[in-house]
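Visitor: Following this line is final.txt, made up of compact mmCIF, C-alpha atoms:
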```txt
# COMPACT_ATOMS: atom_id res chain seq x y z
CA MET P 1 36.71 23.79 69.95
CA THR P 2 34.52 23.06 66.92
CA ASP P 3 36.10 21.47 63.85
CA PRO P 4 35.22 23.68 60.83
CA ASN P 5 35.35 20.64 58.47
CA VAL P 6 32.58 18.83 60.34
CA GLN P 7 29.09 19.73 59.14
CA PRO P 8 26.50 20.17 61.85
CA ALA P 9 23.78 17.55 62.02
CA ARG P 10 20.74 18.47 59.90
CA ALA P 11 17.48 18.68 61.72
CA PRO P 12 14.73 16.36 60.40
CA THR P 13 12.25 17.92 57.99
CA ASP P 14 9.01 18.91 59.61
CA TRP P 15 6.44 17.64 57.09
CA SER P 16 3.58 18.77 59.28
CA ASN P 17 4.56 22.37 58.68
CA PRO P 18 1.81 24.19 56.66
CA ALA P 19 4.35 25.40 54.10
CA ARG P 20 5.58 21.81 53.58
CA GLN P 21 2.00 20.58 53.28
CA ARG P 22 1.29 23.15 50.57
CA LEU P 23 4.44 22.05 48.73
CA ILE P 24 3.30 18.42 48.87
CA LYS P 25 -0.16 19.32 47.60
CA GLN P 26 1.34 21.32 44.73
CA ARG P 27 3.59 18.37 43.82
CA TYR P 28 0.66 15.94 43.84
CA ALA P 29 -1.43 18.37 41.79
CA ALA P 30 1.37 18.68 39.22
CA GLU P 31 1.58 14.89 38.96
CA ARG P 32 -2.19 14.65 38.47
CA ARG P 33 -2.05 17.30 35.75
CA PHE P 34 0.78 15.43 34.04
CA ARG P 35 -1.13 12.14 34.14
CA LEU P 36 -4.25 13.89 32.85
CA ALA P 37 -2.29 15.48 30.00
CA GLY P 38 -0.83 12.08 29.06
CA PHE P 39 -4.25 10.45 29.21
CA PHE P 40 -5.70 13.24 27.06
CA ALA P 41 -2.92 12.84 24.48
CA VAL P 42 -3.47 9.07 24.26
CA ALA P 43 -7.24 9.50 24.07
CA LEU P 44 -6.88 12.09 21.31
CA SER P 45 -4.61 9.78 19.33
CA VAL P 46 -7.01 6.85 19.73
CA LEU P 47 -9.95 9.06 18.72
CA ALA P 48 -8.15 10.26 15.59
CA LEU P 49 -7.28 6.66 14.67
CA ALA P 50 -10.87 5.56 15.30
CA VAL P 51 -12.26 8.36 13.12
CA LEU P 52 -9.82 7.43 10.35
CA LEU P 53 -10.69 3.74 10.49
CA VAL P 54 -14.45 4.32 10.71
CA THR P 55 -14.36 6.75 7.80
CA MET P 56 -12.22 4.52 5.63
CA VAL P 57 -14.11 1.33 6.45
CA GLY P 58 -17.51 3.02 6.15
CA ASN P 59 -16.71 4.38 2.69
CA GLY P 60 -14.50 1.53 1.57
CA LEU P 61 -16.65 -1.51 2.26
CA ASN P 62 -18.97 -0.57 -0.58
CA GLY P 63 -15.94 -0.54 -2.84
CA PHE P 64 -15.65 -4.29 -2.34
CA ARG P 65 -19.27 -4.76 -3.45
CA GLN P 66 -20.64 -4.54 -6.97
CA THR P 67 -24.21 -4.30 -8.24
CA GLU P 68 -25.25 -6.73 -10.96
CA LEU P 69 -28.19 -6.67 -13.38
CA SER P 70 -30.00 -9.77 -14.56
CA VAL P 71 -30.05 -9.96 -18.36
CA THR P 72 -31.68 -12.75 -20.38
CA PHE P 73 -29.78 -13.60 -23.56
CA ASP P 74 -31.51 -15.47 -26.38
CA LEU P 75 -28.14 -16.41 -27.77
CA PRO P 76 -29.31 -18.56 -30.72
CA THR P 77 -31.27 -15.56 -32.03
CA LEU P 78 -28.76 -12.87 -31.11
CA THR P 79 -25.85 -14.75 -32.69
CA SER P 80 -27.81 -15.82 -35.80
CA GLY P 81 -27.57 -19.49 -34.90
CA ALA P 82 -23.84 -19.76 -34.24
CA SER P 83 -22.82 -23.26 -33.21
CA ALA P 84 -20.96 -24.34 -30.12
CA ASP P 85 -18.45 -26.24 -32.26
CA SER P 86 -17.25 -22.95 -33.80
CA LEU P 87 -16.19 -21.83 -30.30
CA ARG P 88 -13.95 -24.83 -29.81
CA GLY P 89 -10.54 -25.63 -31.23
CA ALA P 90 -7.97 -23.37 -32.83
CA SER P 91 -10.53 -21.11 -34.50
CA ALA P 92 -12.46 -20.34 -31.30
CA ASP P 93 -10.82 -16.96 -30.69
CA ALA P 94 -11.41 -15.84 -34.27
CA ALA P 95 -15.06 -16.92 -34.07
CA ILE P 96 -15.64 -14.95 -30.88
CA ARG P 97 -13.88 -11.89 -32.27
CA SER P 98 -16.13 -12.01 -35.31
CA MET P 99 -19.21 -11.63 -33.11
CA ASP P 100 -20.43 -8.17 -32.24
CA LEU P 101 -20.54 -8.88 -28.51
CA GLN P 102 -21.08 -5.25 -27.63
CA GLY P 103 -24.08 -5.09 -29.95
CA ILE P 104 -25.38 -8.41 -28.62
CA VAL P 105 -25.23 -7.18 -25.02
CA GLY P 106 -26.84 -3.84 -25.90
CA LEU P 107 -29.65 -5.52 -27.88
CA ALA P 108 -30.36 -8.02 -25.09
CA VAL P 109 -30.61 -5.26 -22.48
CA GLU P 110 -32.77 -3.14 -24.78
CA GLN P 111 -35.18 -6.01 -25.47
CA GLU P 112 -35.66 -6.63 -21.74
CA TYR P 113 -35.56 -3.12 -20.25
CA GLY P 114 -36.40 -0.69 -23.05
CA SER P 115 -34.61 1.56 -25.48
CA ASP P 116 -33.02 3.75 -22.78
CA SER P 117 -31.34 0.84 -21.01
CA ARG P 118 -28.16 0.42 -23.07
CA ASP P 119 -26.24 2.50 -20.51
CA TYR P 120 -27.26 0.29 -17.60
CA LEU P 121 -24.22 -1.97 -17.92
CA THR P 122 -20.51 -1.22 -17.72
CA ALA P 123 -18.25 -1.21 -20.77
CA ASN P 124 -16.72 -4.42 -19.40
CA ALA P 125 -19.95 -6.44 -19.87
CA PRO P 126 -19.13 -7.68 -23.43
CA PHE P 127 -15.77 -9.00 -22.23
CA LEU P 128 -17.46 -10.89 -19.40
CA LEU P 129 -19.84 -12.46 -21.92
CA ARG P 130 -16.84 -13.43 -24.06
CA ASP P 131 -15.19 -15.15 -21.08
CA MET P 132 -18.40 -17.06 -20.34
CA LEU P 133 -18.66 -18.26 -23.94
CA GLN P 134 -15.04 -19.39 -23.86
CA ASP P 135 -15.63 -21.32 -20.64
CA ASP P 136 -18.95 -22.83 -21.76
CA PRO P 137 -19.35 -22.90 -25.58
CA ASP P 138 -22.62 -24.84 -25.28
CA MET P 139 -24.22 -21.72 -23.78
CA ILE P 140 -24.47 -20.20 -27.27
CA ALA P 141 -27.16 -22.72 -28.24
CA ARG P 142 -29.64 -21.80 -25.48
CA LYS P 143 -31.22 -18.96 -23.61
CA ALA P 144 -29.19 -17.84 -20.62
CA LYS P 145 -29.83 -15.58 -17.63
CA ILE P 146 -26.60 -13.76 -16.85
CA TRP P 147 -25.78 -11.33 -14.06
CA LEU P 148 -23.60 -8.49 -15.38
CA PRO P 149 -22.17 -5.46 -13.50
CA VAL P 150 -24.08 -2.22 -13.86
CA ALA P 151 -22.57 1.16 -14.69
CA SER P 152 -21.45 3.49 -11.93
CA PRO P 153 -24.59 5.74 -11.71
CA ILE P 154 -26.88 2.78 -11.04
CA ASP P 155 -24.30 1.13 -8.77
CA ILE P 156 -24.10 4.25 -6.60
CA ALA P 157 -27.88 4.65 -6.62
CA TYR P 158 -28.38 1.04 -5.52
CA LYS P 159 -26.07 1.77 -2.57
CA GLY P 160 -28.16 4.82 -1.66
CA ARG P 161 -26.03 7.74 -2.79
CA GLY P 162 -26.97 8.34 -6.41
CA THR P 163 -28.90 10.98 -8.28
CA ALA P 164 -32.69 11.11 -8.12
CA GLU P 165 -33.05 9.72 -11.65
CA ALA P 166 -30.60 6.88 -11.08
CA GLU P 167 -32.18 6.00 -7.72
CA LYS P 168 -35.60 5.81 -9.41
CA ILE P 169 -34.22 3.35 -11.99
CA ALA P 170 -32.43 1.33 -9.31
CA ALA P 171 -35.55 1.20 -7.13
CA THR P 172 -37.65 -0.09 -10.03
CA LEU P 173 -35.12 -2.75 -10.95
CA LYS P 174 -34.68 -3.76 -7.31
CA ALA P 175 -38.45 -4.08 -6.84
CA ASN P 176 -38.54 -6.45 -9.85
CA GLU P 177 -35.62 -8.43 -8.37
CA LYS P 178 -33.42 -7.55 -11.31
CA LEU P 179 -30.55 -6.19 -9.21
CA ARG P 180 -28.34 -7.89 -6.68
CA SER P 181 -25.14 -7.12 -4.78
CA SER P 182 -22.11 -9.41 -4.75
CA PHE P 183 -18.45 -9.34 -3.80
CA ASN P 184 -16.45 -7.33 -6.33
CA TRP P 185 -13.72 -9.77 -7.33
CA ASN P 186 -12.97 -7.53 -10.29
CA PHE P 187 -11.68 -4.88 -7.87
CA LEU P 188 -8.93 -7.27 -6.76
CA SER P 189 -8.02 -8.52 -10.24
CA ALA P 190 -8.43 -5.55 -12.63
CA SER P 191 -6.54 -2.33 -13.29
CA ASP P 192 -7.53 1.30 -13.80
CA ALA P 193 -10.52 2.19 -15.94
CA THR P 194 -12.67 5.19 -16.84
CA ASP P 195 -15.79 3.76 -15.17
CA PRO P 196 -15.40 3.32 -11.38
CA ALA P 197 -17.55 0.17 -11.62
CA ASP P 198 -14.77 -1.47 -13.68
CA VAL P 199 -11.65 -0.30 -11.81
CA GLY P 200 -9.36 -2.59 -9.85
CA ILE P 201 -6.19 -2.35 -7.80
CA TRP P 202 -4.25 -5.34 -9.09
CA GLY P 203 -2.36 -3.30 -11.68
CA ALA P 204 -1.28 -0.72 -9.08
CA LEU P 205 -0.56 -3.40 -6.47
CA LYS P 206 1.61 -5.35 -8.89
CA GLY P 207 3.44 -2.15 -9.81
CA SER P 208 4.09 -1.51 -6.11
CA LEU P 209 5.39 -5.06 -5.62
CA LEU P 210 7.75 -4.82 -8.60
CA THR P 211 8.96 -1.43 -7.38
CA LEU P 212 9.60 -2.74 -3.86
CA ILE P 213 11.53 -5.73 -5.24
CA ILE P 214 13.92 -3.37 -7.04
CA THR P 215 14.13 -1.15 -3.95
CA LEU P 216 14.95 -4.05 -1.63
CA ALA P 217 17.42 -5.66 -4.05
CA ILE P 218 19.48 -2.46 -4.19
CA ALA P 219 18.98 -0.69 -0.86
CA PHE P 220 19.39 -3.69 1.47
CA PRO P 221 22.82 -5.03 0.42
CA VAL P 222 24.30 -1.59 -0.22
CA GLY P 223 22.93 -0.22 3.06
CA VAL P 224 24.11 -3.20 5.13
CA PHE P 225 27.62 -3.23 3.63
CA ALA P 226 27.89 0.54 4.11
CA ALA P 227 26.85 0.15 7.76
CA ILE P 228 29.40 -2.63 8.30
CA TYR P 229 32.21 -0.60 6.74
CA LEU P 230 31.42 2.59 8.65
CA GLU P 231 31.06 0.80 11.99
CA GLU P 232 33.79 -1.83 11.76
CA TYR P 233 36.45 -0.75 9.27
CA ALA P 234 36.29 2.97 8.49
CA PRO P 235 38.97 5.10 10.19
CA LYS P 236 37.77 7.88 12.44
CA ASN P 237 38.68 11.04 10.58
CA LYS P 238 37.05 14.12 9.07
CA LEU P 239 36.03 12.26 5.92
CA THR P 240 34.08 9.58 7.74
CA ASP P 241 32.57 12.25 9.99
CA LEU P 242 31.39 14.05 6.86
CA ILE P 243 29.94 10.83 5.47
CA GLU P 244 28.06 10.13 8.71
CA VAL P 245 26.60 13.64 8.80
CA SER P 246 25.60 13.35 5.14
CA ILE P 247 23.83 10.03 5.73
CA ASN P 248 21.93 11.45 8.70
CA ASN P 249 20.91 14.47 6.62
CA LEU P 250 19.82 12.29 3.68
CA ALA P 251 17.49 10.35 5.97
CA ALA P 252 15.66 13.61 6.72
CA VAL P 253 15.54 15.00 3.17
CA PRO P 254 11.97 15.41 1.78
CA SER P 255 11.06 12.55 -0.51
CA ILE P 256 10.27 14.80 -3.46
CA ILE P 257 13.98 15.72 -3.64
CA PHE P 258 14.76 12.07 -4.38
CA GLY P 259 12.08 12.20 -7.06
CA LEU P 260 13.86 15.13 -8.71
CA LEU P 261 17.15 13.24 -8.43
CA GLY P 262 15.61 10.19 -10.09
CA LEU P 263 14.13 12.36 -12.84
CA VAL P 264 17.51 13.89 -13.67
CA VAL P 265 19.74 10.83 -13.24
CA PHE P 266 17.67 7.88 -14.40
CA LEU P 267 15.35 9.48 -16.97
CA THR P 268 17.39 12.37 -18.34
CA TRP P 269 20.96 11.04 -18.16
CA PHE P 270 20.49 7.28 -18.56
CA GLN P 271 17.28 7.42 -20.64
CA MET P 272 15.60 4.62 -18.70
CA PRO P 273 11.96 3.77 -19.50
CA ARG P 274 9.62 6.35 -18.06
CA SER P 275 6.89 5.30 -15.60
CA SER P 276 8.55 1.91 -15.09
CA SER P 277 8.95 -0.02 -11.87
CA LEU P 278 12.70 -0.12 -12.51
CA VAL P 279 13.07 3.67 -12.27
CA GLY P 280 10.63 3.81 -9.36
CA GLY P 281 12.58 1.15 -7.47
CA LEU P 282 15.91 2.88 -8.08
CA THR P 283 14.49 6.20 -6.87
CA LEU P 284 12.97 4.69 -3.72
CA ALA P 285 16.21 2.79 -3.09
CA LEU P 286 18.07 6.10 -2.89
CA MET P 287 15.50 7.30 -0.36
CA THR P 288 15.50 4.09 1.73
CA MET P 289 19.24 3.47 1.80
CA PRO P 290 20.11 6.08 4.49
CA VAL P 291 17.44 4.62 6.79
CA ILE P 292 18.92 1.12 6.39
CA VAL P 293 22.46 2.42 6.98
CA ILE P 294 21.44 4.16 10.22
CA ALA P 295 19.45 1.15 11.46
CA GLY P 296 22.30 -1.19 10.51
CA ARG P 297 24.92 0.89 12.32
CA ASN P 298 22.81 1.05 15.47
CA ALA P 299 22.22 -2.71 15.38
CA ILE P 300 25.93 -3.46 14.86
CA LYS P 301 26.91 -1.02 17.60
CA ALA P 302 24.54 -2.80 20.01
CA VAL P 303 26.54 -6.05 19.74
CA PRO P 304 28.77 -6.23 22.88
CA PRO P 305 32.53 -5.80 22.28
CA SER P 306 33.10 -9.03 24.20
CA ILE P 307 31.69 -10.98 21.21
CA ARG P 308 34.36 -9.50 18.95
CA GLU P 309 37.12 -10.01 21.51
CA ALA P 310 36.14 -13.63 22.12
CA ALA P 311 36.07 -14.40 18.40
CA LEU P 312 39.45 -12.76 17.84
CA GLY P 313 40.82 -14.62 20.85
CA ILE P 314 40.09 -18.03 19.32
CA GLY P 315 41.79 -17.09 16.06
CA ALA P 316 38.96 -15.73 13.87
CA SER P 317 39.92 -13.19 11.23
CA PRO P 318 38.30 -9.72 11.28
CA ILE P 319 36.04 -10.71 8.37
CA GLN P 320 34.98 -13.88 10.16
CA VAL P 321 34.27 -11.89 13.30
CA VAL P 322 31.94 -9.59 11.36
CA PHE P 323 30.13 -12.11 9.17
CA HIS P 324 30.07 -15.11 11.53
CA HIS P 325 29.37 -13.37 14.83
CA VAL P 326 28.52 -9.66 14.67
CA LEU P 327 26.24 -9.63 11.63
CA PRO P 328 24.02 -12.58 12.69
CA LEU P 329 23.49 -10.96 16.09
CA ALA P 330 22.74 -7.57 14.51
CA LEU P 331 20.48 -8.99 11.80
CA PRO P 332 17.17 -8.64 13.73
CA GLY P 333 17.72 -4.92 14.18
CA ILE P 334 18.83 -4.55 10.57
CA LEU P 335 15.75 -6.39 9.29
CA THR P 336 13.45 -4.32 11.49
CA GLY P 337 14.92 -1.08 10.16
CA THR P 338 14.79 -2.39 6.61
CA ILE P 339 11.13 -3.37 6.79
CA ILE P 340 10.17 -0.04 8.35
CA GLY P 341 12.10 1.73 5.59
CA MET P 342 10.35 -0.38 2.95
CA ALA P 343 6.98 0.42 4.52
CA ARG P 344 7.81 4.10 4.22
CA ALA P 345 8.79 3.58 0.59
CA LEU P 346 5.50 1.77 -0.09
CA GLY P 347 3.50 4.78 1.06
CA GLU P 348 5.47 7.39 -0.88
CA THR P 349 3.77 9.26 -3.72
CA ALA P 350 5.82 12.39 -4.44
CA PRO P 351 8.97 10.67 -5.83
CA LEU P 352 6.87 8.46 -8.11
CA LEU P 353 4.93 11.43 -9.43
CA MET P 354 8.19 13.11 -10.41
CA ILE P 355 9.35 10.13 -12.51
CA GLY P 356 6.04 9.76 -14.33
CA MET P 357 4.39 6.84 -12.53
CA VAL P 358 1.15 8.80 -12.68
CA ALA P 359 0.04 7.55 -16.08
CA PHE P 360 -3.28 5.86 -16.82
CA ILE P 361 -2.39 2.15 -16.76
CA SER P 362 -5.26 -0.07 -17.93
CA SER P 363 -3.39 -3.39 -17.66
CA PRO P 364 -0.96 -4.82 -15.10
CA PRO P 365 2.75 -4.40 -15.93
CA GLY P 366 4.37 -7.50 -17.38
CA GLY P 367 7.90 -6.73 -16.17
CA PHE P 368 10.17 -4.23 -14.49
CA THR P 369 10.51 -2.03 -17.59
CA ASP P 370 6.80 -1.84 -18.48
CA ALA P 371 4.76 1.25 -17.71
CA ALA P 372 3.29 0.93 -14.23
CA THR P 373 1.79 2.85 -11.37
CA ALA P 374 1.88 2.30 -7.62
CA LEU P 375 -0.89 1.93 -5.08
CA PRO P 376 -0.40 5.36 -3.38
CA VAL P 377 -0.33 7.05 -6.78
CA GLN P 378 -3.48 5.18 -7.84
CA ILE P 379 -5.21 6.39 -4.68
CA TYR P 380 -4.10 9.94 -5.47
CA LEU P 381 -5.47 9.70 -9.02
CA TRP P 382 -8.83 8.30 -7.93
CA SER P 383 -9.21 10.91 -5.18
CA ASP P 384 -8.94 13.63 -7.83
CA GLU P 385 -11.73 12.18 -10.00
CA VAL P 386 -15.06 13.99 -10.31
CA ASN P 387 -17.18 10.84 -10.57
CA ARG P 388 -18.69 10.04 -7.16
CA GLY P 389 -18.16 6.34 -7.74
CA PHE P 390 -14.42 6.79 -7.21
CA VAL P 391 -14.96 7.86 -3.57
CA GLU P 392 -15.64 4.35 -2.34
CA LYS P 393 -12.96 2.90 -4.60
CA THR P 394 -10.42 5.32 -3.13
CA SER P 395 -11.37 4.31 0.41
CA ALA P 396 -11.24 0.61 -0.52
CA ALA P 397 -7.76 1.08 -2.00
CA ILE P 398 -6.67 2.88 1.19
CA ILE P 399 -7.87 -0.11 3.21
CA ILE P 400 -5.73 -2.42 1.06
CA LEU P 401 -2.73 -0.11 1.50
CA LEU P 402 -3.23 0.04 5.27
CA ILE P 403 -3.47 -3.75 5.45
CA PHE P 404 -0.23 -4.00 3.45
CA LEU P 405 1.53 -1.50 5.74
CA LEU P 406 0.24 -3.13 8.92
CA GLY P 407 1.41 -6.50 7.61
CA MET P 408 4.92 -5.18 6.97
CA ASN P 409 5.11 -3.59 10.43
CA ALA P 410 3.78 -6.78 12.02
CA LEU P 411 6.50 -8.71 10.20
CA ALA P 412 9.11 -6.31 11.58
CA ILE P 413 7.83 -6.83 15.13
CA TYR P 414 7.80 -10.61 14.66
CA LEU P 415 11.38 -10.70 13.37
CA ARG P 416 12.57 -8.47 16.18
CA ASN P 417 10.94 -10.60 18.86
CA LYS P 418 12.00 -13.91 17.28
CA PHE P 419 15.67 -13.18 16.69
CA GLU P 420 16.39 -10.54 19.31
CA THR P 421 19.16 -11.51 21.75
CA ARG P 422 19.02 -10.03 25.22
CA TRP P 423 22.39 -9.53 26.86
```
Would you give me this structure, written as structure tokens?

Guide:
Amino acid sequence: MTDPNVQPARAPTDWSNPARQRLIKQRYAAERRFRLAGFFAVALSVLALAVLLVTMVGNGLNGFRQTELSVTFDLPTLTSGASADSLRGASADAAIRSMDLQGIVGLAVEQEYGSDSRDYLTANAPFLLRDMLQDDPDMIARKAKIWLPVASPIDIAYKGRGTAEAEKIAATLKANEKLRSSFNWNFLSASDATDPADVGIWGALKGSLLTLIITLAIAFPVGVFAAIYLEEYAPKNKLTDLIEVSINNLAAVPSIIFGLLGLVVFLTWFQMPRSSSLVGGLTLALMTMPVIVIAGRNAIKAVPPSIREAALGIGASPIQVVFHHVLPLALPGILTGTIIGMARALGETAPLLMIGMVAFISSPPGGFTDAATALPVQIYLWSDEVNRGFVEKTSAAIIILLIFLLGMNALAIYLRNKFETRW
């Protein structure tokens, strides 16, 4: 008699059966299609990245170059015989201010290149001559050949993308060896200007650095302490559940909402200085804090419970367990999340536009309450300019921003790999 609880032995699968062979072929074909789709997705991503980099580098490299014009200054004649001694001592600044440097530069260019050549140089040329006289007062007593930056139309024409008239002028000057190209140090040390040949990113970069300092000083300690409380001390009830859901929702809120919040709270209610790094940092701190809280909670949760139990077993207090054992082990994950959150804050434009950090700033901010702009906002402003010279400056500024972002992400990877503990 057969036992109904005993299953009959299963016959081995006949893989040589034509139906089974078709099934195997279909499975292999599906796997090949999946691999091909994955390869196509990766190739498409790499192609998009390559196009971005080639476009940015191709347009941006010229932004790090400037075209200079050779101008011969007969300074004893142009300055009516001013002496080098007058440019030394306490009265040197007053003596230089009394000179019509703009007229001197314009007259020197006109004498060498004709009456229509006063617009060849940038508006910054007289200030460069002033700096040279301050560095070398003896220059005022002799003739001097000085290379000064040209205005944007000639600069673009020298690089091959100008108007027909400007390219004709640039070709003539180049044939006479009156033009040369050099590294544009002014782009790394100056601020915004009306002429793209005079613009620089230092003012915007300094504004970004000051803004990030405020953001980090507020978001990091508040975010870490909030993560510690929610993970280690907060009771599990409806209130904490509501707080957790709210934090997760805040991390996904569009950044412009935080800009509106900063506009209402910091500018309208508290009357803080508009367009300042202080307000920008506070606004970005509100946006970055939920990211740090989530990253901190995940890092603290990843610490094995045995660490806590061992510390409590040898007599450590709950606070000692957290700050002497749990937090040091969770710190790599917290730092990684913090740096990624700060990198996101560095690239944000919308919140800063809402609080007024879109103003024309011609000099770097001196402190946290001075009017400032940020690098993404500066890129946005230049991209909206009509002058073609701003195209290469925009791309050059994007290169600087990408280098900054890549550096912050590389730092996050380094910290994670250096301090990560594998259990």

Visitor: Extract, using all atoms listed in the file, all DNA, RNA and protein residues at most 12 Å from Val222 in chain P, discarding same-chain residues fewer than 5 positions from it, and format them as a ChimeraX atom specification.

Guide: /P:215-217,227-229,285-286,288-293,296,338

Visitor: So that I can check the surroundings of Ser255 in chain P, please list as a ChimeraX atom specification every protein, DNA and RNA residue that reaches within 12 Å of it, counting all atoms listed in the file and ignoring chain neighbours fewer than 3 positions away.

Guide: /P:250-252,258-262,283-288,344-345,347-354

Visitor: Just write the chosen residues, C-alpha atoms, as a compact mmCIF listing (two decimals), in the coordinates of the input.

Guide:
```
# COMPACT_ATOMS: atom_id res chain seq x y z
CA LEU P 250 19.82 12.29 3.68
CA ALA P 251 17.49 10.35 5.97
CA ALA P 252 15.66 13.61 6.72
CA PHE P 258 14.76 12.07 -4.38
CA GLY P 259 12.08 12.20 -7.06
CA LEU P 260 13.86 15.13 -8.71
CA LEU P 261 17.15 13.24 -8.43
CA GLY P 262 15.61 10.19 -10.09
CA THR P 283 14.49 6.20 -6.87
CA LEU P 284 12.97 4.69 -3.72
CA ALA P 285 16.21 2.79 -3.09
CA LEU P 286 18.07 6.10 -2.89
CA MET P 287 15.50 7.30 -0.36
CA THR P 288 15.50 4.09 1.73
CA ARG P 344 7.81 4.10 4.22
CA ALA P 345 8.79 3.58 0.59
CA GLY P 347 3.50 4.78 1.06
CA GLU P 348 5.47 7.39 -0.88
CA THR P 349 3.77 9.26 -3.72
CA ALA P 350 5.82 12.39 -4.44
CA PRO P 351 8.97 10.67 -5.83
CA LEU P 352 6.87 8.46 -8.11
CA LEU P 353 4.93 11.43 -9.43
CA MET P 354 8.19 13.11 -10.41
```

Visitor: Using all atoms listed in the file and a cutoff of 12 Å, can you tell me which residues are near (-22.4, -16.6, -33.2) in the file's coordinates, and write them out as a PDB file with C-alpha atoms, in the frame of the given file?

Guide:
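Output file selection.pdb follows:
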```pdb
ATOM      1  CA  ASP P  74     -31.510 -15.470 -26.380  1.00  0.00           C
ATOM      2  CA  LEU P  75     -28.140 -16.410 -27.770  1.00  0.00           C
ATOM      3  CA  PRO P  76     -29.310 -18.560 -30.720  1.00  0.00           C
ATOM      4  CA  THR P  77     -31.270 -15.560 -32.030  1.00  0.00           C
ATOM      5  CA  LEU P  78     -28.760 -12.870 -31.110  1.00  0.00           C
ATOM      6  CA  THR P  79     -25.850 -14.750 -32.690  1.00  0.00           C
ATOM      7  CA  SER P  80     -27.810 -15.820 -35.800  1.00  0.00           C
ATOM      8  CA  GLY P  81     -27.570 -19.490 -34.900  1.00  0.00           C
ATOM      9  CA  ALA P  82     -23.840 -19.760 -34.240  1.00  0.00           C
ATOM     10  CA  SER P  83     -22.820 -23.260 -33.210  1.00  0.00           C
ATOM     11  CA  ALA P  84     -20.960 -24.340 -30.120  1.00  0.00           C
ATOM     12  CA  ASP P  85     -18.450 -26.240 -32.260  1.00  0.00           C
ATOM     13  CA  SER P  86     -17.250 -22.950 -33.800  1.00  0.00           C
ATOM     14  CA  LEU P  87     -16.190 -21.830 -30.300  1.00  0.00           C
ATOM     15  CA  ALA P  92     -12.460 -20.340 -31.300  1.00  0.00           C
ATOM     16  CA  ASP P  93     -10.820 -16.960 -30.690  1.00  0.00           C
ATOM     17  CA  ALA P  94     -11.410 -15.840 -34.270  1.00  0.00           C
ATOM     18  CA  ALA P  95     -15.060 -16.920 -34.070  1.00  0.00           C
ATOM     19  CA  ILE P  96     -15.640 -14.950 -30.880  1.00  0.00           C
ATOM     20  CA  ARG P  97     -13.880 -11.890 -32.270  1.00  0.00           C
ATOM     21  CA  SER P  98     -16.130 -12.010 -35.310  1.00  0.00           C
ATOM     22  CA  MET P  99     -19.210 -11.630 -33.110  1.00  0.00           C
ATOM     23  CA  ASP P 100     -20.430  -8.170 -32.240  1.00  0.00           C
ATOM     24  CA  LEU P 101     -20.540  -8.880 -28.510  1.00  0.00           C
ATOM     25  CA  ILE P 104     -25.380  -8.410 -28.620  1.00  0.00           C
ATOM     26  CA  ARG P 130     -16.840 -13.430 -24.060  1.00  0.00           C
ATOM     27  CA  LEU P 133     -18.660 -18.260 -23.940  1.00  0.00           C
ATOM     28  CA  PRO P 137     -19.350 -22.900 -25.580  1.00  0.00           C
ATOM     29  CA  ASP P 138     -22.620 -24.840 -25.280  1.00  0.00           C
ATOM     30  CA  MET P 139     -24.220 -21.720 -23.780  1.00  0.00           C
ATOM     31  CA  ILE P 140     -24.470 -20.200 -27.270  1.00  0.00           C
ATOM     32  CA  ALA P 141     -27.160 -22.720 -28.240  1.00  0.00           C
ATOM     33  CA  ARG P 142     -29.640 -21.800 -25.480  1.00  0.00           C
TER      34      ARG P 142
END
```

Visitor: Glu232 in chain P: which residues within 12 Å, counting only C-alpha atoms, same-chain residues fewer than 4 positions away excluded, as a PDB file with C-alpha atoms, in the frame of the given file?

Guide:
```
ATOM      1  CA  VAL P 224      24.110  -3.200   5.130  1.00  0.00           C
ATOM      2  CA  PHE P 225      27.620  -3.230   3.630  1.00  0.00           C
ATOM      3  CA  ALA P 226      27.890   0.540   4.110  1.00  0.00           C
ATOM      4  CA  ALA P 227      26.850   0.150   7.760  1.00  0.00           C
ATOM      5  CA  ILE P 228      29.400  -2.630   8.300  1.00  0.00           C
ATOM      6  CA  LYS P 236      37.770   7.880  12.440  1.00  0.00           C
ATOM      7  CA  GLY P 296      22.300  -1.190  10.510  1.00  0.00           C
ATOM      8  CA  ARG P 297      24.920   0.890  12.320  1.00  0.00           C
ATOM      9  CA  ASN P 298      22.810   1.050  15.470  1.00  0.00           C
ATOM     10  CA  ILE P 300      25.930  -3.460  14.860  1.00  0.00           C
ATOM     11  CA  LYS P 301      26.910  -1.020  17.600  1.00  0.00           C
ATOM     12  CA  VAL P 303      26.540  -6.050  19.740  1.00  0.00           C
ATOM     13  CA  PRO P 305      32.530  -5.800  22.280  1.00  0.00           C
ATOM     14  CA  ARG P 308      34.360  -9.500  18.950  1.00  0.00           C
ATOM     15  CA  PRO P 318      38.300  -9.720  11.280  1.00  0.00           C
ATOM     16  CA  ILE P 319      36.040 -10.710   8.370  1.00  0.00           C
ATOM     17  CA  VAL P 321      34.270 -11.890  13.300  1.00  0.00           C
ATOM     18  CA  VAL P 322      31.940  -9.590  11.360  1.00  0.00           C
ATOM     19  CA  PHE P 323      30.130 -12.110   9.170  1.00  0.00           C
ATOM     20  CA  VAL P 326      28.520  -9.660  14.670  1.00  0.00           C
ATOM     21  CA  LEU P 327      26.240  -9.630  11.630  1.00  0.00           C
TER      22      LEU P 327
END
```

Visitor: Hey, which bits of range 135-190 of chain P sit within 10 Å of range 204-212 of chain P, and for each residue what's the closest pair of atoms and how far apart in Å (one decimal), counting only C-alpha atoms, rows by chain and increasing number, as CSV?

Guide:
```
residue,atom,partner,partner_atom,distance
P:Leu188,CA,P:Leu205,CA,9.2
P:Ser189,CA,P:Leu205,CA,9.8
P:Ala190,CA,P:Ala204,CA,9.3
```
